[in-house]
Number of protein chains: 2
Amino acid sequence: MSKMLAEIRQQPAALEKTLKSGLRQAEALRRKFSANPPRLVVLAARGTSDNAAQFGRYLIEITTGIPVSLAAPSVSTLYHAPLRLDGALLVGISQSGESTDTNIVLEEGRRNGALTLGITNEASSTLARLADFTLLVRAGKEQSVAATKTYTGQLMSFYLLARALGAPIDTADLERLPEAAAAALKLEPEMARRAERYRFMDHAVIIGRGLNYANAFEWALKLMETCYIVAERFSQADILHGPIAMVEQSFPAFVFAPPGVTWPVMQQLLERLAKIQAETMVVTDRSNREAPAGAVAVPMALAALRRKSGGSLPEDLFTPIPYIIPAQIFAASLAAVKGLDPDRPRGLSKITQTV
Amino acid sequence: MSKMLAEIRQQPAALEKTLKSGLRQAEALRRKFSANPPRLVVLAARGTSDNAAQFGRYLIEITTGIPVSLAAPSVSTLYHAPLRLDGALLVGISQSGESTDTNIVLEEGRRNGALTLGITNEASSTLARLADFTLLVRAGKEQSVAATKTYTGQLMSFYLLARALGAPIDTADLERLPEAAAAALKLEPEMARRAERYRFMDHAVIIGRGLNYANAFEWALKLMETCYIVAERFSQADILHGPIAMVEQSFPAFVFAPPGVTWPVMQQLLERLAKIQAETMVVTDRSNREAPAGAVAVPMALAALRRKSGGSLPEDLFTPIPYIIPAQIFAASLAAVKGLDPDRPRGLSKITQTV
């Protein structure tokens with residue numbers, strides 16, 4: 001078995017540990033921010049951590065109303081432009097805590113007036129040392145080059161951060177997420193079976209929207225780095241503004257389509273893909289009675305998950321962690337089907353240094 | 001000849017008109033902002049206009065230090081979350097001014113305290129009516145579905161906006177951009193000849209960095225919508241965080257690599273691509289003595305272009321408009337080589353309505 005698959009299976013335990021350890025820090029931040037909330041949140045990251053940041057962006061804006069910007073690191077690392085960040089919260093996200101660019105952005109931002117927070121899997125990393133505050137992912141050492149358990153750990157950290165920023169997210173609901181991840185892991189035999197069919201796939205589009213847009217980036221990244229597939233990622237709206245032209249009969253499309261506010265537009269897209277006769281795989285959940293036949297039905301009880309959190313929160317709030325799990329399994333399985341080692345993608349190492 | 005190619009050729013005149021007409025509005029905004037600069041700039045757009053926004057993001061942060069966020073429209077259009085935008089400048093960018101989502105974001109943002117600005121090619125559009133201020137692109141009616149002259153017109157509008165926000169960009173330098181565009185048009189025969197070789201290309205990566213990152217998105221979009229190529233776009237740093245694994249011998253890569261602060265990292269990437277034996281086309285300019293053999297050399301005098309603007313501004317400041325022109329010509333030419341009509345991509349119409 002690949003390390004990647006082993007680490008995928010560790011996610012329920014990693015999520016539980018991340019939540020438990022992060023709660024106290026998040027509560028301290030919540031008290032701090034309740035008197036003095038940031039006017040802006042800036043998220044800096046690369047790779048999988050940047051995909052987690054993409055999720056954080058939607059989550060924080062939707063649940064707190066605080067505007068969020070995904071940092072363009074080169075503005076600091078190459079152009080050396082000082083951003084006006086007084087009153088802003090600047091969050092660096094890095095599995096290793098040793099990303100040169102993320103750390104430079106954090107250092108410069110701090111000098112320019114930002115309060116800084118690190119989200120990292122390494123307690124003694126440079127990032128943890130640099131930042132004013134740290135939320136630790138407690139996923140344990142990640143050995144596969146393809147990140148999986150640290151991605152969902154970062155998503156969990158973002159729920160805690162949103163709560164710290166005033167979101168009406170109840171910790172009792174967060175405590176059920178490891179269970180939802182465990183339920184999603186039951187899809188392993190099904191996803192392994194499904195992967196077989198894609199042995200000769202060499203390109204694909206992955207589509208999400210809103211809270212699951214980040215998952216489209218993450219699924220695409222897993223397919224690129226472990227299966228060498230040219231996998232493009234789009235929001236349901238963005239693909240309609242041009243790229244849909246390249247989608248023809250048999251073109252492989254992978255779609256995250258949870259129930260909730262994004263469902264009607266995703267359903268329209270699914271109809272359009274069906275008309276083109278694209279080869280579409282839909283990830284949705286078992287409660288979705290309108291899902292097309294053959295969809296991957298994540299076995300989670302959406303309503304049960306949102307029992308305690310604010311009633312105004314969207315129905316798809318807790319779907320991203322369980323939804324990415326079948327996608328991770330699919331990528332690991334497909335790599336195996338293609339005879340590739342997902343733990344050692346060609347030309348990559350665990351820590352990539354860029355500026 | 002395709003309308004797309006005809007409109008590509010209209011760019012020097014369109015840029016001149018856009019600059020002339022926008023200057024007065026930009027000066028009025030400059031006076032307004034000098035007393036009371038926005039604390040945050042939010043840019044909302046889709047498709048090609050969103051690529052222009054990506055450029056605007058780098059330009060504004062680099063030249064003014066004001067943080068910029070690229071809006072996630074679904075936060076407003078689907079999740080209906082009220083963002084705290086008091087003191088922010090919210091900019092909607094749309095060729096037609098009739099994008100449902102961009103207009104909803106603008107309306108909601110205005111209600112939530114933002115000052116609003118529209119950048120559009122249509123003076124009597126809904127966007128122009130909704131926004132507190134308008135910067136008009138004066139490209140004339142755009143008939144091809146594939147946007148070209150409105151993209152560079154939007155880039156010009158962003159130079160004017162950056163100036164309005166306090167950037168030390170001199171209008172005398174902007175006045176030389178139409179000339180630089182005209183010089184880039186001289187590459188037409190060369191790009192048409194180069195396109196021939198790519199008759200059977202079905203996938204590619206397009207790579208940029210910093211001020212030319214947006215151009216990577218735009219070149220990829222043109223290749224997707226007019227040539228049906230699965231064209232992925234990356235920053236030089238992002239491709240190294242995973243996607244580089246999928247790049248193998250003969251993989252087509254298109255790279256914007258101007259002289260200036262991004263050159264050293266782009267050069268490293270070019271060396272890596274050479275080692276993989278990828279099939280790389282580099283867009284740089286004639287003054288770049290370190291460019292690899294066979295690069296597309298845009299005939300512009302970088303130093304002459306930045307004569308009047310602040311000396312602290314980066315060397316690649318004025319490259320994006322001339323650099324996208326050979327890319328546009330390449331896409332239009334390749335569509336012709338492939339026997340496709342770039343003016344009417346399958347499944348697309350000029351105005352795409354999404355929420």
# chains A, B, ... in the order shown; residues from 1 in each chain; ligands from 1
>>> residues_around(residues="Tyr198 of chain B", least_positions_apart="2", cutoff="9 Å", atoms="only C-alpha atoms", output="JSON, numbers by chain")
{"B": [194, 195, 196, 200, 201, 202, 252, 334, 337, 338]}
>>> write_last_selection(atoms="all heavy atoms", output="PDB file, in the first residue's frame")
ATOM      1  N   ARG B 194       4.849  30.223 -36.757  1.00  0.00           N
ATOM      2  CA  ARG B 194       5.085  29.337 -35.615  1.00  0.00           C
ATOM      3  C   ARG B 194       3.878  28.446 -35.304  1.00  0.00           C
ATOM      4  O   ARG B 194       4.028  27.324 -34.831  1.00  0.00           O
ATOM      5  CB  ARG B 194       5.407  30.155 -34.364  1.00  0.00           C
ATOM      6  CG  ARG B 194       6.821  30.742 -34.334  1.00  0.00           C
ATOM      7  CD  ARG B 194       6.977  31.560 -33.057  1.00  0.00           C
ATOM      8  NE  ARG B 194       8.246  32.234 -32.942  1.00  0.00           N
ATOM      9  CZ  ARG B 194       9.234  31.840 -32.116  1.00  0.00           C
ATOM     10  NH1 ARG B 194       9.077  30.772 -31.355  1.00  0.00           N
ATOM     11  NH2 ARG B 194      10.356  32.522 -32.048  1.00  0.00           N
ATOM     12  N   ALA B 195       2.677  28.967 -35.551  1.00  0.00           N
ATOM     13  CA  ALA B 195       1.452  28.233 -35.188  1.00  0.00           C
ATOM     14  C   ALA B 195       1.359  26.889 -35.914  1.00  0.00           C
ATOM     15  O   ALA B 195       0.878  25.898 -35.361  1.00  0.00           O
ATOM     16  CB  ALA B 195       0.217  29.083 -35.482  1.00  0.00           C
ATOM     17  N   GLU B 196       1.821  26.867 -37.159  1.00  0.00           N
ATOM     18  CA  GLU B 196       1.772  25.671 -38.012  1.00  0.00           C
ATOM     19  C   GLU B 196       2.232  24.393 -37.283  1.00  0.00           C
ATOM     20  O   GLU B 196       1.594  23.352 -37.344  1.00  0.00           O
ATOM     21  CB  GLU B 196       2.672  25.932 -39.232  1.00  0.00           C
ATOM     22  CG  GLU B 196       2.601  24.888 -40.310  1.00  0.00           C
ATOM     23  CD  GLU B 196       1.350  24.984 -41.171  1.00  0.00           C
ATOM     24  OE1 GLU B 196       0.657  26.011 -41.116  1.00  0.00           O
ATOM     25  OE2 GLU B 196       1.066  23.995 -41.880  1.00  0.00           O
ATOM     26  N   PHE B 200      -1.311  19.690 -34.080  1.00  0.00           N
ATOM     27  CA  PHE B 200      -1.875  18.555 -33.344  1.00  0.00           C
ATOM     28  C   PHE B 200      -1.691  18.661 -31.832  1.00  0.00           C
ATOM     29  O   PHE B 200      -1.885  17.695 -31.108  1.00  0.00           O
ATOM     30  CB  PHE B 200      -1.313  17.240 -33.893  1.00  0.00           C
ATOM     31  CG  PHE B 200      -1.748  16.999 -35.313  1.00  0.00           C
ATOM     32  CD1 PHE B 200      -0.884  17.207 -36.376  1.00  0.00           C
ATOM     33  CD2 PHE B 200      -3.057  16.618 -35.582  1.00  0.00           C
ATOM     34  CE1 PHE B 200      -1.311  17.015 -37.686  1.00  0.00           C
ATOM     35  CE2 PHE B 200      -3.487  16.424 -36.890  1.00  0.00           C
ATOM     36  CZ  PHE B 200      -2.613  16.619 -37.943  1.00  0.00           C
ATOM     37  N   MET B 201      -1.318  19.836 -31.359  1.00  0.00           N
ATOM     38  CA  MET B 201      -1.210  20.037 -29.901  1.00  0.00           C
ATOM     39  C   MET B 201      -2.609  19.961 -29.286  1.00  0.00           C
ATOM     40  O   MET B 201      -3.547  20.577 -29.780  1.00  0.00           O
ATOM     41  CB  MET B 201      -0.602  21.413 -29.608  1.00  0.00           C
ATOM     42  CG  MET B 201      -0.629  21.766 -28.127  1.00  0.00           C
ATOM     43  SD  MET B 201       0.324  23.268 -27.753  1.00  0.00           S
ATOM     44  CE  MET B 201      -0.701  24.541 -28.496  1.00  0.00           C
ATOM     45  N   ASP B 202      -2.757  19.169 -28.230  1.00  0.00           N
ATOM     46  CA  ASP B 202      -4.069  19.142 -27.568  1.00  0.00           C
ATOM     47  C   ASP B 202      -4.020  19.538 -26.095  1.00  0.00           C
ATOM     48  O   ASP B 202      -5.057  19.624 -25.438  1.00  0.00           O
ATOM     49  CB  ASP B 202      -4.771  17.786 -27.764  1.00  0.00           C
ATOM     50  CG  ASP B 202      -3.887  16.619 -27.387  1.00  0.00           C
ATOM     51  OD1 ASP B 202      -2.889  16.840 -26.681  1.00  0.00           O
ATOM     52  OD2 ASP B 202      -4.205  15.479 -27.796  1.00  0.00           O
ATOM     53  N   PRO B 252       4.145  20.742 -24.362  1.00  0.00           N
ATOM     54  CA  PRO B 252       4.238  22.140 -24.806  1.00  0.00           C
ATOM     55  C   PRO B 252       4.080  23.118 -23.637  1.00  0.00           C
ATOM     56  O   PRO B 252       3.117  23.034 -22.878  1.00  0.00           O
ATOM     57  CB  PRO B 252       3.066  22.294 -25.776  1.00  0.00           C
ATOM     58  CG  PRO B 252       2.424  20.937 -25.886  1.00  0.00           C
ATOM     59  CD  PRO B 252       2.877  20.109 -24.734  1.00  0.00           C
ATOM     60  N   LEU B 334      -3.445  29.655 -34.833  1.00  0.00           N
ATOM     61  CA  LEU B 334      -3.549  28.215 -34.596  1.00  0.00           C
ATOM     62  C   LEU B 334      -4.979  27.724 -34.841  1.00  0.00           C
ATOM     63  O   LEU B 334      -5.173  26.631 -35.390  1.00  0.00           O
ATOM     64  CB  LEU B 334      -3.090  27.866 -33.170  1.00  0.00           C
ATOM     65  CG  LEU B 334      -3.107  26.385 -32.810  1.00  0.00           C
ATOM     66  CD1 LEU B 334      -2.292  25.546 -33.798  1.00  0.00           C
ATOM     67  CD2 LEU B 334      -2.588  26.165 -31.385  1.00  0.00           C
ATOM     68  N   VAL B 337      -5.150  27.252 -38.457  1.00  0.00           N
ATOM     69  CA  VAL B 337      -4.398  26.052 -38.842  1.00  0.00           C
ATOM     70  C   VAL B 337      -5.208  24.793 -38.526  1.00  0.00           C
ATOM     71  O   VAL B 337      -5.192  23.819 -39.281  1.00  0.00           O
ATOM     72  CB  VAL B 337      -3.029  26.025 -38.110  1.00  0.00           C
ATOM     73  CG1 VAL B 337      -2.353  24.668 -38.262  1.00  0.00           C
ATOM     74  CG2 VAL B 337      -2.112  27.130 -38.636  1.00  0.00           C
ATOM     75  N   LYS B 338      -5.943  24.825 -37.439  1.00  0.00           N
ATOM     76  CA  LYS B 338      -6.741  23.670 -37.036  1.00  0.00           C
ATOM     77  C   LYS B 338      -8.103  23.636 -37.739  1.00  0.00           C
ATOM     78  O   LYS B 338      -8.915  22.739 -37.490  1.00  0.00           O
ATOM     79  CB  LYS B 338      -6.975  23.693 -35.509  1.00  0.00           C
ATOM     80  CG  LYS B 338      -5.770  23.243 -34.665  1.00  0.00           C
ATOM     81  CD  LYS B 338      -6.099  23.321 -33.163  1.00  0.00           C
ATOM     82  CE  LYS B 338      -4.972  22.775 -32.301  1.00  0.00           C
ATOM     83  NZ  LYS B 338      -5.077  21.335 -31.979  1.00  0.00           N
TER      84      LYS B 338
END
>>> interface_residues(of="chain A", to="chain B", cutoff="7 Å", atoms="only C-alpha atoms", output="PyMOL selection string")
chain A and resi 46-47+58+61-62+65-70+74-75+78-79+81-84+210+221+224-225+228-230+232+237-238+241-243+245-246+261-262+345-348+352+354-355
>>> residues_around(residues="Phe330 of chain B", least_positions_apart="3", cutoff="7 Å", atoms="only C-alpha atoms", output="PDB file with N, CA, C and O atoms, in the first residue's frame")
ATOM      1  N   MET B 191       4.363  34.788 -35.833  1.00  0.00           N
ATOM      2  CA  MET B 191       3.491  33.966 -34.992  1.00  0.00           C
ATOM      3  C   MET B 191       2.628  33.037 -35.851  1.00  0.00           C
ATOM      4  O   MET B 191       2.358  31.897 -35.478  1.00  0.00           O
ATOM      5  N   ALA B 192       2.202  33.529 -37.008  1.00  0.00           N
ATOM      6  CA  ALA B 192       1.410  32.700 -37.916  1.00  0.00           C
ATOM      7  C   ALA B 192       2.244  31.505 -38.379  1.00  0.00           C
ATOM      8  O   ALA B 192       1.762  30.372 -38.451  1.00  0.00           O
ATOM      9  N   ALA B 195       2.677  28.967 -35.551  1.00  0.00           N
ATOM     10  CA  ALA B 195       1.452  28.233 -35.188  1.00  0.00           C
ATOM     11  C   ALA B 195       1.359  26.889 -35.914  1.00  0.00           C
ATOM     12  O   ALA B 195       0.878  25.898 -35.361  1.00  0.00           O
ATOM     13  N   PRO B 326       1.495  38.947 -29.285  1.00  0.00           N
ATOM     14  CA  PRO B 326       1.891  37.740 -30.034  1.00  0.00           C
ATOM     15  C   PRO B 326       1.106  36.498 -29.587  1.00  0.00           C
ATOM     16  O   PRO B 326       0.838  35.618 -30.405  1.00  0.00           O
ATOM     17  N   ALA B 327       0.721  36.448 -28.322  1.00  0.00           N
ATOM     18  CA  ALA B 327      -0.049  35.302 -27.827  1.00  0.00           C
ATOM     19  C   ALA B 327      -1.439  35.261 -28.458  1.00  0.00           C
ATOM     20  O   ALA B 327      -1.937  34.202 -28.853  1.00  0.00           O
ATOM     21  N   SER B 333      -4.120  32.351 -35.103  1.00  0.00           N
ATOM     22  CA  SER B 333      -3.475  31.640 -36.212  1.00  0.00           C
ATOM     23  C   SER B 333      -3.626  30.136 -36.049  1.00  0.00           C
ATOM     24  O   SER B 333      -3.889  29.418 -37.019  1.00  0.00           O
ATOM     25  N   LEU B 334      -3.445  29.655 -34.833  1.00  0.00           N
ATOM     26  CA  LEU B 334      -3.549  28.215 -34.596  1.00  0.00           C
ATOM     27  C   LEU B 334      -4.979  27.724 -34.841  1.00  0.00           C
ATOM     28  O   LEU B 334      -5.173  26.631 -35.390  1.00  0.00           O
TER      29      LEU B 334
END
>>> select_by_dssp(residues="segment 70-117 of chain A", states="strand (DSSP E or B)", output="short mmCIF file (atom, residue, chain, number, x, y, z; two decimals) with all heavy atoms, in the first residue's frame")
data_model
loop_
_atom_site.label_atom_id
_atom_site.label_comp_id
_atom_site.auth_asym_id
_atom_site.auth_seq_id
_atom_site.Cartn_x
_atom_site.Cartn_y
_atom_site.Cartn_z
N LEU A 70 -6.39 36.41 -1.09
CA LEU A 70 -5.35 35.39 -1.23
C LEU A 70 -4.10 36.10 -1.70
O LEU A 70 -4.08 36.70 -2.77
CB LEU A 70 -5.78 34.32 -2.24
CG LEU A 70 -6.99 33.47 -1.81
CD1 LEU A 70 -7.51 32.63 -2.97
CD2 LEU A 70 -6.66 32.58 -0.63
N ALA A 88 -4.92 44.30 9.61
CA ALA A 88 -5.20 43.05 8.89
C ALA A 88 -4.64 41.85 9.66
O ALA A 88 -3.67 41.98 10.41
CB ALA A 88 -4.59 43.11 7.49
N LEU A 89 -5.28 40.71 9.46
CA LEU A 89 -4.75 39.45 9.96
C LEU A 89 -4.12 38.72 8.77
O LEU A 89 -4.80 38.45 7.77
CB LEU A 89 -5.87 38.60 10.57
CG LEU A 89 -5.46 37.17 10.98
CD1 LEU A 89 -4.48 37.18 12.14
CD2 LEU A 89 -6.70 36.34 11.34
N LEU A 90 -2.85 38.41 8.88
CA LEU A 90 -2.13 37.73 7.79
C LEU A 90 -1.85 36.30 8.22
O LEU A 90 -1.20 36.07 9.24
CB LEU A 90 -0.83 38.49 7.51
CG LEU A 90 0.18 37.86 6.54
CD1 LEU A 90 -0.45 37.61 5.17
CD2 LEU A 90 1.39 38.78 6.39
N VAL A 91 -2.36 35.34 7.45
CA VAL A 91 -2.26 33.93 7.83
C VAL A 91 -1.35 33.21 6.84
O VAL A 91 -1.60 33.24 5.63
CB VAL A 91 -3.65 33.26 7.83
CG1 VAL A 91 -3.55 31.83 8.35
CG2 VAL A 91 -4.63 34.07 8.66
N GLY A 92 -0.30 32.59 7.33
CA GLY A 92 0.55 31.75 6.49
C GLY A 92 0.17 30.30 6.71
O GLY A 92 0.01 29.86 7.85
N ILE A 93 0.01 29.55 5.62
CA ILE A 93 -0.37 28.14 5.73
C ILE A 93 0.72 27.32 5.05
O ILE A 93 1.03 27.53 3.87
CB ILE A 93 -1.74 27.87 5.05
CG1 ILE A 93 -2.79 28.85 5.59
CG2 ILE A 93 -2.19 26.43 5.30
CD1 ILE A 93 -3.11 29.99 4.66
N SER A 94 1.31 26.38 5.77
CA SER A 94 2.39 25.56 5.22
C SER A 94 2.51 24.28 6.04
O SER A 94 2.67 24.35 7.26
CB SER A 94 3.71 26.33 5.24
OG SER A 94 4.80 25.47 5.01
N LEU A 115 -1.21 41.58 12.02
CA LEU A 115 -1.11 40.54 13.03
C LEU A 115 -0.92 39.24 12.25
O LEU A 115 -1.55 39.04 11.21
CB LEU A 115 -2.43 40.49 13.81
CG LEU A 115 -2.45 39.64 15.07
CD1 LEU A 115 -1.69 40.37 16.19
CD2 LEU A 115 -3.88 39.39 15.51
N THR A 116 -0.06 38.34 12.73
CA THR A 116 0.24 37.16 11.92
C THR A 116 -0.12 35.86 12.63
O THR A 116 0.01 35.74 13.84
CB THR A 116 1.73 37.12 11.53
OG1 THR A 116 2.52 37.16 12.72
CG2 THR A 116 2.10 38.29 10.64
N LEU A 117 -0.58 34.91 11.81
CA LEU A 117 -0.98 33.60 12.32
C LEU A 117 -0.39 32.54 11.40
O LEU A 117 -0.43 32.67 10.18
CB LEU A 117 -2.51 33.50 12.33
CG LEU A 117 -3.12 32.14 12.68
CD1 LEU A 117 -3.02 31.86 14.17
CD2 LEU A 117 -4.59 32.10 12.27
#
>>> residues_around(residues="Thr284 of chain B", least_positions_apart="5", cutoff="7 Å", atoms="only C-alpha atoms", output="list in words")
Phe256, Ala257, Pro258, Ala295, Val296, Ala297 and Val298 of chain B
>>> write_last_selection(atoms="N, CA, C and O atoms", output="compact mmCIF listing (two decimals), in the first residue's frame")
# COMPACT_ATOMS: atom_id res chain seq x y z
N PHE B 256 5.86 33.50 -20.37
CA PHE B 256 6.16 34.93 -20.43
C PHE B 256 7.34 35.21 -19.52
O PHE B 256 7.27 34.94 -18.32
N ALA B 257 8.40 35.75 -20.09
CA ALA B 257 9.61 35.95 -19.29
C ALA B 257 10.29 37.27 -19.61
O ALA B 257 11.28 37.33 -20.33
N PRO B 258 9.74 38.35 -19.06
CA PRO B 258 10.34 39.67 -19.32
C PRO B 258 11.61 39.88 -18.50
O PRO B 258 11.81 39.18 -17.49
N ALA B 295 13.45 32.41 -28.78
CA ALA B 295 12.38 33.09 -28.05
C ALA B 295 11.65 34.08 -28.95
O ALA B 295 12.23 34.59 -29.91
N VAL B 296 10.37 34.32 -28.64
CA VAL B 296 9.62 35.37 -29.32
C VAL B 296 10.11 36.70 -28.72
O VAL B 296 9.91 36.96 -27.54
N ALA B 297 10.75 37.51 -29.53
CA ALA B 297 11.34 38.75 -29.01
C ALA B 297 10.44 39.93 -29.36
O ALA B 297 10.43 40.38 -30.50
N VAL B 298 9.67 40.39 -28.38
CA VAL B 298 8.78 41.52 -28.64
C VAL B 298 9.64 42.76 -28.87
O VAL B 298 10.51 43.07 -28.05
>>> closest_residue(among="A:Ser144, A:Lys3, A:Arg9, A:Arg199", to="Ala335 of chain A", atoms="only C-alpha atoms")
A:Arg199
